[in-house]
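Comments concern the structure below.
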Amino acid sequence: MSNGCHGKILWVDLTERTFEARDLSETFYRDYLGGHGLGAKVLWDNQRAGTDPLGPDNVLGFVPGLLTDTGALYSGRYMVVGKSPLTGMWGDAKSGGYFSPALKRTGYDGVFLRGKASQLVYVLVGEDGCEIKDAAHLAGLSPEDTESAIRRELQDNKIKVAAIGPAGERLSLISCIVNDGGRAAARSGLGAVMGAKLVKAIAVRGDRRVTVHDESRLKEINDAYLTRLKAGASFMDRMAAGDTHRAAKMLRKLPVAMRTEGGTYAELLRRYGTSGAMAYSVEVGDAPVKNFDGVGFTDFDMDSKSWRLSDESVIKYQKKKFFCHSCPLGCGGIVSVPDGKYKIDKEHKPEYETLAAFGSLCLNDDLESIIMLNHICNTAGLDTISAGVTVAFAIECFEKGMLSSSETDGLELKWGDADVIIELVKKMVAREGVGDLLADGVKVASEKIGRGSEQFAMHVAGQEAPMHDPRFDPTFGTAYTAEPTPARHTTSSRTYFEMMRFDKRFPELGKAGQLTLKKSKYKYSGKGAPQAAVSEYFQAASSAGLCMFSLITGGIPLDELLHAVAGWEVTLRDCLTIGHRILTLRQCYNVREGISPASITLPDRMLGRPPQDKGPLAGVTLDLETLKGDFYTALGWDARTGVPSQECLESLGIEAG
Ligand code: SF4
């Protein structure tokens with residue numbers, strides 16, 4: 001067996017209460033690495049089309065990356081895979097923290113659950129398989145308390161746990177799976193899949209380490225990166241990271257855009273985490289405002305509002321930094337609110353996506369309330385993006401008269417009313433009153449409400465939209481609609497292409513100039529090939545277990561890491577081929593489910609139909625068809641339908657029959 005992996009996965013049948021280890025060939029790992037790549041291949045081979053996402057036949061997998069627990073920097077992520085109940089399509093979600101290396105030390109390269117337990121259980125995975133244990137006493141607990149209770153019960157403080165909270169137990173379609181108190185595998189609604197299987201938690205313990213092909217080469221690669229990191233960001237990066245507010249005001253007005261620099265973003269992450277660019281993003285039009293209908297500098301202006309949710313304002317609450325496993329950067333943090341009505345002793349620092357979803361999207365500038373909302377979501381196991389988008393939708397419905405106070409349990413839903421937003425999210429967690437209407441996200445809620453409310457439901461194929469407005473960077477529109485996981489902001493974009501300086505590695509993909517005319521963003525043809533390359537690389541790196549911030553802040557060389565760890569002779573181009581295979585297989589999964597990829601689109605508002613008449617996005621209407629067609633073509637998928645061609649499948653060794 002290859003280095004970097006154990007060569008086997010664990011299958012658990014919850015109905016029969018049995019388990020079985022299955023060996024995988026080295027070719028399997030070479031083709032799909034680990035993480036959601038491996039997960040996609042396992043589900044492709046083992047799941048029927050038309051499976052009910054909340055039924056016993058849906059397979060739910062927990063898969064660490066191929067590089068996880070090898071000593072490679074940034075390699076501590078795992079992925080949850082399964083058919084998404086939100087979209088009816090391929091679903092996956094990633095999380096960091098410390099669960100992934102612990103999972104790998106069980107000696108399995110993935111744990112796949114099928115069937116359904118007869119009562120609430122947790123699955124304890126160890127080196128010799130698993131035990132299915134009663135979890136009645138864990139019902140209603142937060143993921144963090146679940147971990148503590150399991151550790152106490154088994155008298156083992158080294159056990160790591162990924163769990164659902166009350167939202168997942170109540171099958172909220174926007175529920176998630178949480179580890180380390182607040183690192184969430186948040187998207188695709190996979191918390192509901194776990195809840196439907198009556199599995200409260202996966203607990204893992206073990207001490208099996210994988211072997212590494214060339215430890216000294218791995219150390220050299222790590223050392224070279226750490227030397228670059230220690231040398232610090234350039235003077236320009238430090239300047240830019242320290243003055244994003246002024247830069248944003250200037251850039252908003254200029255007809256030119258500056259290349260997004262990976263070094264600057266690394267410095268922002270190191271100082272502030274993802275909150276570093278919050279005010280910047282609102283000002284320039286990246287962060288959506290008022291349910292994607294507002295304009296940053298008028299509706300949520302920097303001097304009075306967005307600065308309260310950004311960089312220095314956030315860091316004031318930070319007690320210590322949080323580093324995921326093997327991470328030298330530590331963009332995370334632990335915050336507390338010492339007093340006041342939103343007092344909290346300890347919570348993970350809200351990420352940019354959370355700040356924007358409960359902040360600019362809802363016109364809420366009360367940071368302490370957002371820390372509280374983050375806490376509520378982390379303890380309930382609720383996706384903060386989906387929850388924020390759902391709240392904004394509800395407020396707009398109320399404002400437009402599509403929801404009345406008799407339907408909201410007497411709550412007067414108003415933009416920026418932090419107390420009401422908190423009350424609404426608590427009700428969603430409890431599925432109480434209006435909370436039950438909203439607990440499954442905006443698509444389901446708008447279908448129930450009717451009355452034209454669907455025009456305010458900001459989702460793509462059922463998944464709530466992330467916090468990067470595609471009218472600001474149209475290639476996010478491509479990612480949200482043409483990738484196999486809709487509404488995903490961590491897959492590909494022009495912005496990432498620039499940050500990674502992919503033009504240096506692949507000059508044939510065109511140059512990422514330092515200054516470009518803003519209007520060139522809205523030249524729609526020709527963007528497919530560079531974006532497809534980014535997407536392929538992200539697919540491979542994610543499946544290897546790498547944090548995406550390692551890719552966009554300067555770059556850990558995936559090809560060299562794979563050689564050092566697994567001993568494979570792979571080039572950067574080979575990494576793209578692996579990513580292409582993973583991307584294409586997931587697309588095949590969707591096609592097998594009867595999905596028509598080309599039919600997936602953005603809400604009119606996000607397309608710019610009609611265009612805004614003021615602000616940095618004024619006049620923008622996206623030509624999504626051209627963007628998607630170019631992206632499909634670059635991947636060897638049919639330009640019109642988005643279905644992978646036979647030639648593409650053959651070149652990647654995918655049997656689609
Ligand atoms: S950069 Fe942030 S998210 Fe990525 S591994 Fe480090 S702490 Fe975790």
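Ligands are numbered from 1 in the order shown, chains are lettered A, B, ... in the order of the structure tokens, and residues start at 1 in each chain.
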If DSSP is run on the backbone, what residues of range 347-592 of chain A are alpha helix (DSSP H)? A reply as a CSV table (one decimal) with C-alpha atoms, in the first residue's frame would be ideal.
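The file below, states-v2.csv, is the result:
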chain,number,residue,atom,x,y,z
A,352,TYR,CA,-16.4,36.7,7.4
A,353,GLU,CA,-19.3,34.6,6.0
A,354,THR,CA,-21.0,34.7,9.4
A,355,LEU,CA,-20.3,38.5,9.8
A,356,ALA,CA,-21.7,39.2,6.4
A,357,ALA,CA,-24.7,36.8,6.7
A,358,PHE,CA,-25.9,38.2,10.0
A,367,LEU,CA,-21.0,42.7,16.6
A,368,GLU,CA,-21.8,41.3,20.0
A,369,SER,CA,-25.1,40.0,18.7
A,370,ILE,CA,-23.3,38.3,15.8
A,371,ILE,CA,-20.9,36.6,18.3
A,372,MET,CA,-24.1,35.4,20.1
A,373,LEU,CA,-25.6,34.3,16.8
A,374,ASN,CA,-22.4,32.4,16.0
A,375,HIS,CA,-22.7,30.8,19.4
A,376,ILE,CA,-26.3,29.8,18.9
A,377,CYS,CA,-25.6,28.3,15.5
A,378,ASN,CA,-22.5,26.4,16.7
A,379,THR,CA,-24.3,25.0,19.7
A,380,ALA,CA,-27.3,24.1,17.6
A,384,THR,CA,-24.5,30.3,9.7
A,385,ILE,CA,-24.6,31.3,6.0
A,386,SER,CA,-27.9,29.6,5.4
A,387,ALA,CA,-29.3,30.9,8.7
A,388,GLY,CA,-28.4,34.5,7.9
A,389,VAL,CA,-29.7,34.3,4.3
A,390,THR,CA,-33.0,32.8,5.7
A,391,VAL,CA,-33.3,35.6,8.3
A,392,ALA,CA,-32.7,38.3,5.6
A,393,PHE,CA,-35.4,36.6,3.4
A,394,ALA,CA,-37.8,36.6,6.3
A,395,ILE,CA,-37.2,40.3,7.1
A,396,GLU,CA,-37.8,41.3,3.5
A,397,CYS,CA,-40.9,39.2,3.3
A,398,PHE,CA,-42.2,40.9,6.4
A,399,GLU,CA,-41.3,44.3,5.0
A,418,ALA,CA,-30.4,42.3,16.5
A,419,ASP,CA,-32.7,41.1,19.3
A,420,VAL,CA,-35.3,40.0,16.8
A,421,ILE,CA,-32.7,38.3,14.6
A,422,ILE,CA,-31.6,36.3,17.6
A,423,GLU,CA,-35.1,35.4,18.6
A,424,LEU,CA,-35.8,34.2,15.0
A,425,VAL,CA,-32.7,32.0,14.9
A,426,LYS,CA,-33.6,30.5,18.3
A,427,LYS,CA,-37.0,29.7,16.9
A,428,MET,CA,-35.5,28.1,13.8
A,429,VAL,CA,-33.3,25.9,16.0
A,430,ALA,CA,-36.4,24.9,18.1
A,434,VAL,CA,-42.3,30.8,12.5
A,435,GLY,CA,-39.0,29.0,13.2
A,436,ASP,CA,-40.5,25.8,11.7
A,437,LEU,CA,-41.4,27.7,8.6
A,438,LEU,CA,-37.8,28.9,8.2
A,441,GLY,CA,-33.9,27.3,4.5
A,442,VAL,CA,-35.2,29.9,2.0
A,443,LYS,CA,-36.3,27.6,-0.8
A,444,VAL,CA,-38.6,25.5,1.4
A,445,ALA,CA,-39.8,28.6,3.2
A,446,SER,CA,-40.6,30.5,0.0
A,447,GLU,CA,-42.5,27.5,-1.3
A,448,LYS,CA,-44.6,27.4,1.8
A,449,ILE,CA,-45.2,31.2,1.9
A,474,PRO,CA,-18.9,37.3,-12.1
A,475,THR,CA,-16.8,34.2,-11.9
A,476,PHE,CA,-18.4,33.5,-8.5
A,477,GLY,CA,-21.6,33.2,-10.4
A,478,THR,CA,-20.0,30.5,-12.5
A,479,ALA,CA,-18.8,28.7,-9.3
A,480,TYR,CA,-22.3,29.0,-7.7
A,481,THR,CA,-24.1,27.5,-10.7
A,482,ALA,CA,-21.7,25.4,-12.8
A,494,ARG,CA,-11.0,34.9,-10.9
A,495,THR,CA,-10.2,36.3,-7.5
A,496,TYR,CA,-8.6,33.0,-6.4
A,497,PHE,CA,-6.7,32.8,-9.8
A,498,GLU,CA,-5.1,36.1,-9.0
A,499,MET,CA,-4.3,35.4,-5.4
A,500,MET,CA,-2.7,32.1,-6.3
A,502,PHE,CA,-1.9,30.8,-11.3
A,503,ASP,CA,-0.8,32.8,-14.4
A,504,LYS,CA,2.8,32.3,-13.3
A,505,ARG,CA,2.4,28.6,-13.1
A,528,GLY,CA,-13.6,29.4,-18.5
A,529,ALA,CA,-10.2,27.9,-18.9
A,530,PRO,CA,-8.4,29.8,-16.0
A,531,GLN,CA,-11.4,29.2,-13.7
A,532,ALA,CA,-11.5,25.5,-14.6
A,533,ALA,CA,-7.8,25.2,-13.7
A,534,VAL,CA,-8.4,26.8,-10.3
A,535,SER,CA,-11.3,24.6,-9.7
A,536,GLU,CA,-9.4,21.4,-10.6
A,537,TYR,CA,-6.5,22.4,-8.3
A,538,PHE,CA,-8.9,23.2,-5.4
A,539,GLN,CA,-10.6,19.8,-5.9
A,540,ALA,CA,-7.3,18.0,-5.6
A,541,ALA,CA,-5.9,20.1,-2.8
A,542,SER,CA,-9.2,19.7,-0.8
A,543,SER,CA,-9.1,16.0,-1.3
A,548,MET,CA,-7.8,26.6,0.9
A,549,PHE,CA,-6.0,29.4,2.6
A,550,SER,CA,-2.8,27.6,2.1
A,551,LEU,CA,-3.5,27.8,-1.6
A,552,ILE,CA,-4.6,31.5,-1.9
A,558,LEU,CA,0.7,20.1,-3.9
A,559,ASP,CA,2.7,18.1,-6.4
A,560,GLU,CA,5.8,18.2,-4.2
A,561,LEU,CA,3.8,17.3,-1.1
A,562,LEU,CA,2.2,14.3,-2.9
A,563,HIS,CA,5.6,13.1,-4.0
A,564,ALA,CA,7.2,13.6,-0.5
A,565,VAL,CA,4.3,11.9,1.3
A,566,ALA,CA,3.0,9.2,-1.1
A,572,LEU,CA,1.3,20.2,-11.2
A,573,ARG,CA,-0.5,19.3,-14.4
A,574,ASP,CA,-1.2,15.8,-12.9
A,575,CYS,CA,-2.8,17.5,-9.9
A,576,LEU,CA,-5.1,19.3,-12.3
A,577,THR,CA,-6.0,16.0,-13.9
A,578,ILE,CA,-6.8,14.5,-10.5
A,579,GLY,CA,-9.0,17.5,-9.7
A,580,HIS,CA,-10.6,17.3,-13.1
A,581,ARG,CA,-11.5,13.7,-12.4
A,582,ILE,CA,-13.0,14.5,-9.0
A,583,LEU,CA,-15.0,17.5,-10.4
A,584,THR,CA,-16.3,15.4,-13.3
A,585,LEU,CA,-17.3,12.4,-11.2
A,586,ARG,CA,-19.3,14.7,-8.9
A,587,GLN,CA,-21.0,16.2,-12.0
A,588,CYS,CA,-21.7,12.6,-13.2
A,589,TYR,CA,-23.4,12.0,-9.9
A,590,ASN,CA,-25.7,14.9,-10.4
A,591,VAL,CA,-26.5,13.9,-13.9
A,592,ARG,CA,-27.2,10.3,-12.7
Expected answer as a ChimeraX atom specification: strand (DSSP E or B) residues in range 423-650 of chain A: /A:459-460,463-464,515-517,637,644
What does the structure give for the distance between CA of Leu617 in chain A and CA of Arg640 in chain A, in Å to one decimal?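 Between these atoms lies a distance of 27.9 Å.
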Using only C-alpha atoms and all ligand atoms, which protein or nucleic acid residues are at most 7 Å from ligand 1, as a ChimeraX atom specification? /A:74,76,96-97,322-325,327-332,547-550
Would you kindly return, as a PDB file with N, CA, C and O atoms, in the first residue's frame, each protein, DNA or RNA residue with an atom no farther than 10 Å from any atom of Asn157 in chain A, considering only C-alpha atoms and excluding same-chain residues fewer than 3 positions away?
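See out34.pdb below for the written result:
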ATOM      1  N   GLU A 147     -19.218  16.080  22.899  1.00  0.00           N
ATOM      2  CA  GLU A 147     -17.834  15.589  22.988  1.00  0.00           C
ATOM      3  C   GLU A 147     -17.415  15.409  24.448  1.00  0.00           C
ATOM      4  O   GLU A 147     -16.845  14.378  24.828  1.00  0.00           O
ATOM      5  N   SER A 148     -17.728  16.401  25.276  1.00  0.00           N
ATOM      6  CA  SER A 148     -17.348  16.301  26.699  1.00  0.00           C
ATOM      7  C   SER A 148     -18.015  15.097  27.343  1.00  0.00           C
ATOM      8  O   SER A 148     -17.383  14.357  28.106  1.00  0.00           O
ATOM      9  N   ILE A 150     -19.112  12.307  25.975  1.00  0.00           N
ATOM     10  CA  ILE A 150     -18.556  11.028  25.492  1.00  0.00           C
ATOM     11  C   ILE A 150     -17.186  10.789  26.124  1.00  0.00           C
ATOM     12  O   ILE A 150     -16.850   9.673  26.536  1.00  0.00           O
ATOM     13  N   ARG A 151     -16.399  11.843  26.221  1.00  0.00           N
ATOM     14  CA  ARG A 151     -15.078  11.684  26.849  1.00  0.00           C
ATOM     15  C   ARG A 151     -15.210  11.238  28.301  1.00  0.00           C
ATOM     16  O   ARG A 151     -14.466  10.368  28.767  1.00  0.00           O
ATOM     17  N   ARG A 152     -16.156  11.863  28.982  1.00  0.00           N
ATOM     18  CA  ARG A 152     -16.371  11.478  30.401  1.00  0.00           C
ATOM     19  C   ARG A 152     -16.811  10.027  30.505  1.00  0.00           C
ATOM     20  O   ARG A 152     -16.277   9.254  31.291  1.00  0.00           O
ATOM     21  N   GLU A 153     -17.758   9.704  29.662  1.00  0.00           N
ATOM     22  CA  GLU A 153     -18.332   8.350  29.707  1.00  0.00           C
ATOM     23  C   GLU A 153     -17.263   7.285  29.443  1.00  0.00           C
ATOM     24  O   GLU A 153     -17.233   6.243  30.089  1.00  0.00           O
ATOM     25  N   LEU A 154     -16.372   7.578  28.497  1.00  0.00           N
ATOM     26  CA  LEU A 154     -15.356   6.582  28.132  1.00  0.00           C
ATOM     27  C   LEU A 154     -14.028   6.829  28.842  1.00  0.00           C
ATOM     28  O   LEU A 154     -13.053   6.117  28.608  1.00  0.00           O
ATOM     29  N   LYS A 160     -11.894  12.376  19.920  1.00  0.00           N
ATOM     30  CA  LYS A 160     -12.391  13.540  19.168  1.00  0.00           C
ATOM     31  C   LYS A 160     -13.762  13.202  18.587  1.00  0.00           C
ATOM     32  O   LYS A 160     -14.008  12.052  18.175  1.00  0.00           O
ATOM     33  N   ARG A 205     -11.008   7.379  18.096  1.00  0.00           N
ATOM     34  CA  ARG A 205      -9.756   7.291  18.849  1.00  0.00           C
ATOM     35  C   ARG A 205      -8.886   6.203  18.236  1.00  0.00           C
ATOM     36  O   ARG A 205      -9.373   5.223  17.692  1.00  0.00           O
TER      37      ARG A 205
END
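With only C-alpha atoms as the atoms that count, the residue of A:Glu169, A:Glu407, A:Glu351, A:Asp207 with the shortest distance to Gly195 in chain A is A:Glu169.
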Each residue of range 163-279 of chain A lying at most 10 Å from range 10-26 of chain A should get a row with its shortest atom-to-atom pair and the distance in Å to one decimal, counting only C-alpha atoms; could you produce that, ordered by chain and increasing number, as a Markdown table?
| residue | atom | partner | partner_atom | distance |
| --- | --- | --- | --- | --- |
| A:Lys197 | CA | A:Leu14 | CA | 7.8 |
| A:Leu198 | CA | A:Leu14 | CA | 9.0 |
| A:Val199 | CA | A:Leu14 | CA | 8.8 |
Next, the residues of the selection above should be written as a tab-separated table (two decimals), in the first residue's frame with C-alpha atoms.
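Written output follows (again27.tsv):
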chain	number	residue	atom	x	y	z
A	197	LYS	CA	-29.89	8.25	10.52
A	198	LEU	CA	-30.33	8.89	14.25
A	199	VAL	CA	-26.59	9.34	14.65
Could you pull the residues within 8 Å of Asp301 in chain A, counting only C-alpha atoms, minus those fewer than 4 positions along the same chain, as a list in words?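 Surrounding residues, per the criterion: Val282, Glu283, Gly296, Phe297, Lys305 and Ser306 of chain A.
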Put those residues in a file: all heavy atoms, as a PDB file, in the first residue's frame.
ATOM      1  N   VAL A 282     -17.699  45.072   2.027  1.00  0.00           N
ATOM      2  CA  VAL A 282     -18.980  45.788   1.947  1.00  0.00           C
ATOM      3  C   VAL A 282     -18.817  47.020   1.053  1.00  0.00           C
ATOM      4  O   VAL A 282     -19.647  47.293   0.181  1.00  0.00           O
ATOM      5  CB  VAL A 282     -19.457  46.209   3.358  1.00  0.00           C
ATOM      6  CG1 VAL A 282     -20.672  47.132   3.262  1.00  0.00           C
ATOM      7  CG2 VAL A 282     -19.799  44.982   4.201  1.00  0.00           C
ATOM      8  N   GLU A 283     -17.741  47.712   1.254  1.00  0.00           N
ATOM      9  CA  GLU A 283     -17.549  48.989   0.542  1.00  0.00           C
ATOM     10  C   GLU A 283     -17.414  48.796  -0.972  1.00  0.00           C
ATOM     11  O   GLU A 283     -17.990  49.548  -1.748  1.00  0.00           O
ATOM     12  CB  GLU A 283     -16.294  49.689   1.102  1.00  0.00           C
ATOM     13  CG  GLU A 283     -16.037  51.074   0.584  1.00  0.00           C
ATOM     14  CD  GLU A 283     -16.982  52.131   1.169  1.00  0.00           C
ATOM     15  OE1 GLU A 283     -17.763  51.814   2.083  1.00  0.00           O
ATOM     16  OE2 GLU A 283     -16.937  53.271   0.680  1.00  0.00           O
ATOM     17  N   GLY A 296     -23.507  48.958  -0.375  1.00  0.00           N
ATOM     18  CA  GLY A 296     -22.688  49.048   0.826  1.00  0.00           C
ATOM     19  C   GLY A 296     -22.524  50.449   1.361  1.00  0.00           C
ATOM     20  O   GLY A 296     -22.858  50.737   2.511  1.00  0.00           O
ATOM     21  N   PHE A 297     -22.021  51.364   0.527  1.00  0.00           N
ATOM     22  CA  PHE A 297     -21.629  52.654   1.090  1.00  0.00           C
ATOM     23  C   PHE A 297     -22.814  53.571   1.411  1.00  0.00           C
ATOM     24  O   PHE A 297     -22.627  54.617   2.042  1.00  0.00           O
ATOM     25  CB  PHE A 297     -20.577  53.356   0.220  1.00  0.00           C
ATOM     26  CG  PHE A 297     -21.089  53.870  -1.091  1.00  0.00           C
ATOM     27  CD1 PHE A 297     -21.590  55.152  -1.200  1.00  0.00           C
ATOM     28  CD2 PHE A 297     -21.043  53.072  -2.220  1.00  0.00           C
ATOM     29  CE1 PHE A 297     -22.052  55.626  -2.413  1.00  0.00           C
ATOM     30  CE2 PHE A 297     -21.502  53.534  -3.434  1.00  0.00           C
ATOM     31  CZ  PHE A 297     -22.013  54.805  -3.526  1.00  0.00           C
ATOM     32  N   LYS A 305     -21.093  51.927  10.120  1.00  0.00           N
ATOM     33  CA  LYS A 305     -21.596  50.558  10.327  1.00  0.00           C
ATOM     34  C   LYS A 305     -20.571  49.452  10.063  1.00  0.00           C
ATOM     35  O   LYS A 305     -20.192  48.729  10.978  1.00  0.00           O
ATOM     36  CB  LYS A 305     -22.843  50.334   9.470  1.00  0.00           C
ATOM     37  CG  LYS A 305     -24.039  51.141   9.965  1.00  0.00           C
ATOM     38  CD  LYS A 305     -25.313  50.778   9.247  1.00  0.00           C
ATOM     39  CE  LYS A 305     -26.484  51.636   9.727  1.00  0.00           C
ATOM     40  NZ  LYS A 305     -26.858  51.410  11.101  1.00  0.00           N
ATOM     41  N   SER A 306     -20.153  49.279   8.820  1.00  0.00           N
ATOM     42  CA  SER A 306     -19.410  48.038   8.514  1.00  0.00           C
ATOM     43  C   SER A 306     -18.094  47.944   9.285  1.00  0.00           C
ATOM     44  O   SER A 306     -17.634  46.844   9.575  1.00  0.00           O
ATOM     45  CB  SER A 306     -19.174  47.905   7.005  1.00  0.00           C
ATOM     46  OG  SER A 306     -18.284  48.880   6.535  1.00  0.00           O
TER      47      SER A 306
END
Point-to-point distance in Å for CA of Asn222 in chain A and CA of Leu73 in chain A: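 Computing it gives 6.4 Å between the two atoms.
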